[in-house]
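Trainee: For reference, this is protein18.txt, and it has compact mmCIF, C-alpha atoms.
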```
# COMPACT_ATOMS: atom_id res chain seq x y z
CA MET A 1 90.74 -18.30 59.78
CA TYR A 2 89.63 -21.75 60.82
CA SER A 3 85.96 -20.87 60.38
CA LEU A 4 86.68 -19.83 56.78
CA ILE A 5 88.48 -23.10 56.08
CA ASP A 6 85.51 -24.92 57.64
CA LYS A 7 83.08 -23.07 55.35
CA SER A 8 85.05 -24.03 52.25
CA VAL A 9 85.19 -27.69 53.31
CA VAL A 10 81.42 -27.70 53.91
CA LYS A 11 80.91 -26.29 50.39
CA LEU A 12 83.12 -29.03 48.98
CA ASP A 13 81.15 -31.58 50.99
CA SER A 14 77.95 -30.43 49.30
CA LEU A 15 79.53 -31.20 45.88
CA LEU A 16 80.62 -34.73 46.75
CA ASN A 17 78.56 -37.85 46.15
CA SER A 18 77.55 -40.14 48.96
CA SER A 19 81.03 -41.71 49.09
CA LYS A 20 82.58 -41.15 52.51
CA THR A 21 86.08 -42.32 51.59
CA ILE A 22 88.29 -39.64 50.06
CA SER A 23 91.90 -39.23 49.10
CA LEU A 24 92.91 -35.75 50.24
CA ASP A 25 95.94 -33.77 49.14
CA VAL A 26 96.27 -30.32 50.74
CA ILE A 27 98.61 -27.83 49.06
CA SER A 28 99.60 -24.39 50.33
CA SER A 29 102.45 -21.95 50.37
CA PRO A 30 104.91 -22.27 53.28
CA GLY A 31 103.33 -19.32 55.09
CA LEU A 32 99.94 -21.04 55.16
CA GLU A 33 101.12 -24.49 56.32
CA ILE A 34 99.48 -23.92 59.71
CA LEU A 35 96.02 -24.11 58.08
CA LYS A 36 96.54 -27.52 56.45
CA PRO A 37 95.66 -29.71 59.46
CA ARG A 38 92.33 -27.93 59.81
CA VAL A 39 91.24 -29.21 56.39
CA PHE A 40 91.88 -32.82 57.47
CA VAL A 41 90.15 -32.25 60.82
CA LYS A 42 87.05 -30.76 59.19
CA PHE A 43 86.69 -33.54 56.59
CA SER A 44 87.10 -36.14 59.36
CA GLY A 45 84.55 -34.26 61.45
CA LEU A 46 82.06 -34.50 58.61
CA GLY A 47 82.35 -38.28 58.71
CA TYR A 48 84.83 -38.84 55.90
CA ASN A 49 87.43 -41.57 55.98
CA VAL A 50 90.44 -39.54 54.82
CA LYS A 51 93.24 -41.42 53.04
CA SER A 52 96.57 -40.07 51.84
CA LYS A 53 96.69 -42.32 48.76
CA ALA A 54 93.94 -42.92 46.25
CA GLU A 55 92.02 -46.16 46.58
CA ASN A 56 89.57 -47.76 44.15
CA GLY A 57 86.21 -46.04 44.46
CA ALA A 58 87.60 -43.16 46.50
CA ILE A 59 87.10 -39.58 45.45
CA LYS A 60 90.39 -37.72 45.07
CA ILE A 61 90.45 -34.10 46.26
CA SER A 62 93.29 -31.72 45.65
CA TYR A 63 92.69 -28.80 48.05
CA ASN A 64 94.88 -25.75 47.41
CA ILE A 65 94.91 -22.82 49.84
CA VAL A 66 95.79 -20.12 47.33
CA ASN A 67 95.75 -17.01 49.47
CA CYS A 68 94.82 -15.85 52.93
CA LYS A 69 94.85 -12.19 53.90
CA THR A 70 93.66 -9.60 56.38
CA GLU A 71 92.60 -6.08 55.38
CA TYR A 72 91.73 -3.09 57.56
CA SER A 73 89.47 -0.25 56.41
CA ASP A 74 87.12 2.50 57.56
CA LEU A 75 89.04 3.85 60.54
CA ARG A 76 86.67 5.87 62.73
CA LYS A 77 85.85 6.89 66.31
CA ASP A 78 83.32 4.92 68.34
CA GLY A 79 81.17 7.94 69.20
CA TRP A 80 82.39 11.23 70.64
CA PHE A 81 85.56 10.74 72.68
CA GLY A 82 85.39 6.98 72.07
CA SER A 83 88.21 4.71 71.05
CA THR A 84 89.19 4.31 67.42
CA ILE A 85 87.74 1.29 65.66
CA LEU A 86 88.03 -0.13 62.17
CA ASP A 87 86.65 -2.86 59.97
CA ARG A 88 88.74 -6.01 59.55
CA LYS A 89 88.14 -8.31 56.61
CA ILE A 90 89.73 -11.76 56.60
CA SER A 91 89.53 -13.75 53.38
CA VAL A 92 90.70 -17.15 52.19
CA ASN A 93 90.94 -18.21 48.54
CA VAL A 94 90.70 -21.93 47.90
CA SER A 95 91.08 -23.80 44.63
CA SER A 96 90.16 -27.48 44.50
CA ILE A 97 90.02 -30.25 41.94
CA ILE A 98 87.66 -33.12 42.64
CA THR A 99 88.30 -36.35 40.74
CA PHE A 100 85.35 -38.69 41.05
CA ALA A 101 85.58 -42.50 40.99
CA ASP A 102 84.29 -42.58 37.38
CA GLY A 103 87.21 -40.36 36.28
CA SER A 104 85.25 -37.12 35.86
CA ILE A 105 86.97 -33.98 37.12
CA LYS A 106 85.36 -30.93 38.67
CA PRO A 107 87.44 -27.80 39.36
CA VAL A 108 86.09 -25.56 42.12
CA GLU A 109 87.18 -22.17 43.46
CA PHE A 110 85.96 -20.51 46.63
CA THR A 111 86.61 -17.20 48.29
CA GLU A 112 85.40 -17.14 51.85
CA SER A 113 85.51 -13.94 53.89
CA ILE A 114 84.37 -12.58 57.20
CA THR A 115 84.21 -8.97 58.40
CA ASP A 116 84.22 -7.72 61.95
CA ILE A 117 84.97 -4.55 63.90
CA VAL A 118 88.07 -4.26 66.09
CA LYS A 119 89.56 -1.57 68.29
CA THR A 120 92.90 -0.23 67.09
CA ASP A 121 94.28 -0.79 70.61
CA ASP A 122 93.54 -4.53 70.26
CA ILE A 123 95.28 -5.04 66.91
CA LYS A 124 98.66 -5.96 68.42
CA MET A 125 96.96 -8.73 70.43
CA ILE A 126 95.02 -10.01 67.40
CA GLU A 127 97.90 -10.10 64.93
CA ASP A 128 100.58 -12.75 65.13
CA ALA A 129 104.01 -11.61 63.98
CA SER A 130 104.96 -15.12 62.86
CA LEU A 131 101.87 -15.45 60.64
CA THR A 132 102.03 -12.79 57.95
CA PHE A 133 98.47 -13.41 56.75
CA THR A 134 97.15 -12.05 60.07
CA GLN A 135 98.85 -8.68 59.50
CA SER A 136 97.92 -5.73 57.32
CA GLN A 137 98.43 -1.99 56.99
CA ILE A 138 96.37 0.06 59.43
CA PRO A 139 94.84 3.16 57.84
CA GLN A 140 95.76 6.48 59.43
CA ILE A 141 93.10 8.65 61.03
CA PRO A 142 92.60 11.91 59.07
CA PHE A 143 94.30 14.95 60.62
CA PHE A 144 91.09 17.00 60.85
CA GLN A 145 89.20 14.20 62.58
CA ASN A 146 92.06 13.82 65.06
CA LEU A 147 91.98 17.57 65.76
CA LEU A 148 88.21 17.94 66.18
CA GLU A 149 87.80 16.52 69.70
CA PRO A 150 90.51 18.67 71.37
CA VAL A 151 89.06 21.78 69.69
CA ILE A 152 85.61 20.97 71.09
CA VAL A 153 87.01 20.43 74.60
CA VAL A 154 89.04 23.65 74.55
CA GLY A 155 86.06 25.58 73.12
CA ALA A 156 83.77 24.26 75.85
CA LEU A 157 86.30 25.22 78.55
CA ILE A 158 86.73 28.74 77.16
CA THR A 159 82.96 29.19 76.95
CA THR A 160 82.56 27.99 80.54
CA VAL A 161 85.22 30.39 81.84
CA ILE A 162 83.73 33.33 79.91
CA LEU A 163 80.23 32.59 81.18
CA LEU A 164 81.50 32.14 84.72
CA PHE A 165 83.15 35.56 84.82
CA THR A 166 80.35 37.29 82.87
CA ILE A 167 77.63 36.06 85.19
CA ARG A 168 79.77 36.61 88.29
CA GLY A 169 80.58 40.15 87.17
CA LYS A 170 76.90 41.17 87.03
```
Could you express the structure from this file as structure tokens?

Mentor:
Amino acid sequence: MYSLIDKSVVKLDSLLNSSKTISLDVISSPGLEILKPRVFVKFSGLGYNVKSKAENGAIKISYNIVNCKTEYSDLRKDGWFGSTILDRKISVNVSSIITFADGSIKPVEFTESITDIVKTDDIKMIEDASLTFTQSQIPQIPFFQNLLEPVIVVGALITTVILLFTIRGK
């Protein structure tokens, strides 16, 4: 999540003039409060002098974390007899209003996302029960796909036993 917040702050940085003093107001829903400090840290890390109240000549930024969510998709096996894996997409929607020193206003919206592959066994360690935006519905593996591997194993065993007794009988 933090890397997505960092990306959005870097995009905002590219829109700002050379002024390094900003007045920053970060808004989010109660469930996303944990992400607010990261915005301040990233702006400070980029060399900005962050103020809580607007000063003369300072750019005012209203940074709103609109939504943050995790989605799982494409449940599949990692090869024959491998563990089940799925794609995880984490996205953050940010809406900002930049008020420049001359009074001009620029509204900006970003959606940052990242996709990776996780094992279904690791999901309980990755998700945090107290942070709802880290949780999502896990798709169910199709019944036929779940049945295929045991059928192959049983078929191979039956074939082996039949060949063993057929060759031994001759």

Trainee: Just the number, please: distance in Å from atom CA of A:Ser18 to atom CA of A:Ile61, one decimal.

Mentor: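 Between atom CA of A:Ser18 and atom CA of A:Ile61 the gap is 14.5 Å.
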
Trainee: What does the distance from atom CA of A:Asp13 to atom CA of A:Ile90 come to in Å, to one decimal?

Mentor: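 It comes out at 22.3 Å.
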
Trainee: Report as JSON the centre and the edge lengths, in Å to one decimal, of the axis-aligned box holding every listed atom of stretch 59-77 of chain A, padded by 6 Å on each side.

Mentor:
```
{"center_x": 90.8, "center_y": -16.3, "center_z": 55.7, "size_x": 21.9, "size_y": 58.5, "size_z": 33.2}
```

Trainee: Any chance you could tabulate, as a tab-separated table, the residues of stretch 100-158 of chain A at most 8 Å from stretch 29-48 of chain A with each one's nearest atom pair and distance in Å to one decimal, using all atoms listed in the file, in chain and rising number order?

Mentor:
```
residue	atom	partner	partner_atom	distance
A:Leu131	CA	A:Gly31	CA	6.9
A:Thr132	CA	A:Gly31	CA	7.2
A:Phe133	CA	A:Gly31	CA	7.8
```

Trainee: A:Asn64, A:Ser104, A:Ser23, A:Ser136: which is nearest A:Ser8, counting only C-alpha atoms?

Mentor: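 The answer is A:Asn64, which sits nearest to A:Ser8.
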
Trainee: Starting from the point (89.7, -29.1, 44.6), work out which residues of protein, DNA or RNA have an atom no more than 12 Å away when counting all atoms listed in the file; state them as an MDAnalysis selection string.

Mentor: chainID A and resid 8:9 11:13 15:16 22:27 39 59:66 93:100 105:110

Trainee: For A:Leu4, find every residue with an atom within 10 Å (counting all atoms listed in the file), except residues of its own chain fewer than 6 positions away, and show them as a VMD selection string.

Mentor: chain A and resid 10 68 90 to 94 111 to 114

Trainee: Quick one, how far is atom CA of A:Thr120 from atom CA of A:Ser83?

Mentor: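 Separating atom CA of A:Thr120 from atom CA of A:Ser83 is a distance of 7.9 Å.
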
Trainee: Hey, which of A:Leu163, A:Ala129, A:Val118, A:Ile158 ends up closest to A:Ser73? Count all atoms listed in the file.

Mentor: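 When distances to A:Ser73 are compared using all atoms listed in the file, the smallest one comes from A:Val118.
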
Trainee: Using all atoms listed in the file, which of the listed residues (A:Asp102, A:Pro150, A:Trp80, A:Leu75) sits closest to A:Lys119?

Mentor: A:Leu75

Trainee: Go through A:Leu157, A:Ile152, A:Ala101, A:Ile167 one by one, measure the shortest atom-to-atom distance of each to A:Glu55 using only C-alpha atoms, and give the residue with the smallest value.

Mentor: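 Comparing A:Leu157, A:Ile152, A:Ala101, A:Ile167 against A:Glu55, the winner is A:Ala101.
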
Trainee: In the coordinate frame of the file, compute which residues have an atom within 8 Å of (87.2, 4.4, 57.6) when using all atoms listed in the file, and state them as number ranges by chain.

Mentor: A: 73-76, 86-87, 139

Trainee: Point out the residue among A:Ala58, A:Ile138, A:Ile5, A:Val161 with the least atom-to-atom distance to A:Arg88, counting all atoms listed in the file.

Mentor: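 Of the candidates, the smallest distance to A:Arg88 is held by A:Ile138.
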
Trainee: Which one of A:Asp6, A:Phe81, A:Lys69, A:Lys51 sits closest to A:Val153 if you count all atoms listed in the file?

Mentor: A:Phe81

Trainee: Just the residues within 7 Å of A:Thr134, please, counting all atoms listed in the file, with nothing from its chain fewer than 6 positions along; format it as a PyMOL selection string.

Mentor: chain A and resi 69-70+127-128
